[in-house]
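**Student:** Sharing a structure below in structure tokens format, with a few things to ask.
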Amino acid sequence: MRRTNRALATAGGLLLATALTCTGTAMAASSPVSSATVAADDCRPLADAPAQAQAIVNAACSQIGVPYSWGGGSVHGPTYGQDYPGGGPGAHDSKVKGFDCSHLVQYAAWKGAGIALPEGSWNQAKWSEATARFTRAQGIAPLQPGDLLLWGTDPANLGSVHHIAVYLGNGKMVEARESGTLVMVSDVRLNSQYAGAVRITGAQQPPAGTKRFMTWGTNVSLRHDPSTRQPPAGRLPGPTAVDVLCQAHGEMITAEGYTNDAWSYLPKYKAWISNIYINDPAAWLPGVPTC
């Protein structure tokens, strides 16, 4: 169960919660940072691509210059990371606000296209909703901007993927590479650990009139109305992308250290969810009308 930094307006005032997940890797490669890193002005789609793919690239590029932080970042932006247990440049990443590789990719996919990727570069590499996959042998020829590039200790095993980056086109990528560096544009490294790429664009987009959010928590109950008076109408087994049509004030709920009376209606499930379980800094969701 994971929650990003968030502040909820409640009957008792302002509540804060902080939780960070340790994902990604402190080192993208054993070699030092390449001198091929190029200027931030060149962080943009460098080839033709659908609008959704361009939006993913632009979201990633908006974070150029943000520090790498092991375990840092969320769908909402940079966060303080965790101290890398192996020491080295990442030994003090709990004091560094930034992204690791997988959270930069997660942020770009969500911010740019409303695509909810899982935690961890290895899980992102195996994501079941990928719309295309490209092998190591194919190189970068079939790729388009917005595709996700993968590196693993065993390129044939996606479970070994430890680094992930966003392809820009023309042999370039944007990445959060390792502790002590900044989010940067680099040449794609077709080295012995390159494990291919995945395409995440083309996934279903939010229906008209709704706004997409991510939930958090496990076995979160959905309700027939904005209350707990009736048995659950269903459950979300884990963090899930949900499309919210509208929100309303309903039963006051206290859960997970929060108190809130805001509920959101999810037309896909024909059910309501407490806003406590919507992963957004605000208790009353921005840009969502009242039911």
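Following the order of the structure tokens, first chain is A, next is B, and so on, with residues numbered from 1 inside each chain and ligands from 1 in the order they appear.
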Residues within 6 Å of Ala262 (chain A), please, as number ranges by chain. Count only C-alpha atoms; anything in the same chain fewer than 3 positions from it doesn't count.

**Tutor:** A: 248-249, 275

**Student:** Determine, counting only C-alpha atoms, which protein, DNA and RNA residues have an atom within 12 Å of an atom of Gly120 (chain A); residues of the same chain fewer than 5 positions away are not included. Present the result as a ChimeraX atom specification.

**Tutor:** /A:21-25,70-74,100-106,125-127,150,158-164

**Student:** Would you list the contacts of Ala233 (chain A) as a list of chain:residue names, taking every protein, DNA or RNA residue within 9 Å and counting only C-alpha atoms, but skipping same-chain residues closer than 6 positions in sequence?

**Tutor:** A:Ser221, A:Leu222, A:Arg223, A:His224, A:Tyr269, A:Lys270, A:Ala271, A:Trp272

**Student:** Kindly indicate which residue among A:Cys291, A:Asp225, A:Pro45, A:Pro78 lies nearest to Gly171 (chain A), using only C-alpha atoms for the distances.

**Tutor:**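 When distances to Gly171 (chain A) are compared using only C-alpha atoms, the smallest one comes from A:Pro45.
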
**Student:** Would you give me, as a PyMOL selection string, the residues in region 147-268 of chain A that DSSP reads as strand (DSSP E)?

**Tutor:** chain A and resi 148-152+161-169+172-175+184-187+194-199+211-214+220-222+234-236+241-244+246-255+258-266

**Student:** Quick one: of A:Leu168, A:Ala241, A:Val183, A:Val57, who's nearest to Leu143 (chain A), counting only C-alpha atoms?

**Tutor:**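 Closest to Leu143 (chain A), using only C-alpha atoms: A:Leu168.
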
**Student:** If we count only C-alpha atoms and set the cut-off at 9 Å, which residues sit around Tyr167 (chain A), ignoring sequence neighbours fewer than 2 positions away in its own chain? Please answer as a PyMOL selection string.

**Tutor:** chain A and resi 45+57+143-149+165+169-175+188

**Student:** Restricting the calculation to only C-alpha atoms: of A:Ala197, A:Gln52, A:Pro232, A:Pro267, which residue gets closest to Ala137 (chain A)?

**Tutor:**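 Ranked by minimum distance to Ala137 (chain A), first place goes to A:Ala197.
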
**Student:** Check which residues of region 76-173 of chain A sit at most 12 Å from region 277-283 of chain A using only C-alpha atoms, and return one row each with the closest pair of atoms and their distance in Å to one decimal, ordered by chain and rising number, as JSON lines.

**Tutor:**
{"residue": "A:His76", "atom": "CA", "partner": "A:Asp280", "partner_atom": "CA", "distance": 7.9}
{"residue": "A:Gly77", "atom": "CA", "partner": "A:Pro281", "partner_atom": "CA", "distance": 11.4}
{"residue": "A:Ala116", "atom": "CA", "partner": "A:Asn279", "partner_atom": "CA", "distance": 11.8}

**Student:** Which of these, A:Gly238, A:Gly81, A:Gly196, A:Pro289, has the shortest distance to Thr135 (chain A) once you count only C-alpha atoms?

**Tutor:**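 For Thr135 (chain A), the nearest of the given residues is A:Gly196.
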
**Student:** From the options A:Ile276, A:Val185, A:Ala195, A:Ala55, which residue's atoms come nearest to Asp261 (chain A), counting only C-alpha atoms?

**Tutor:**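 Of A:Ile276, A:Val185, A:Ala195, A:Ala55, the one nearest Asp261 (chain A), counting only C-alpha atoms, is A:Ile276.
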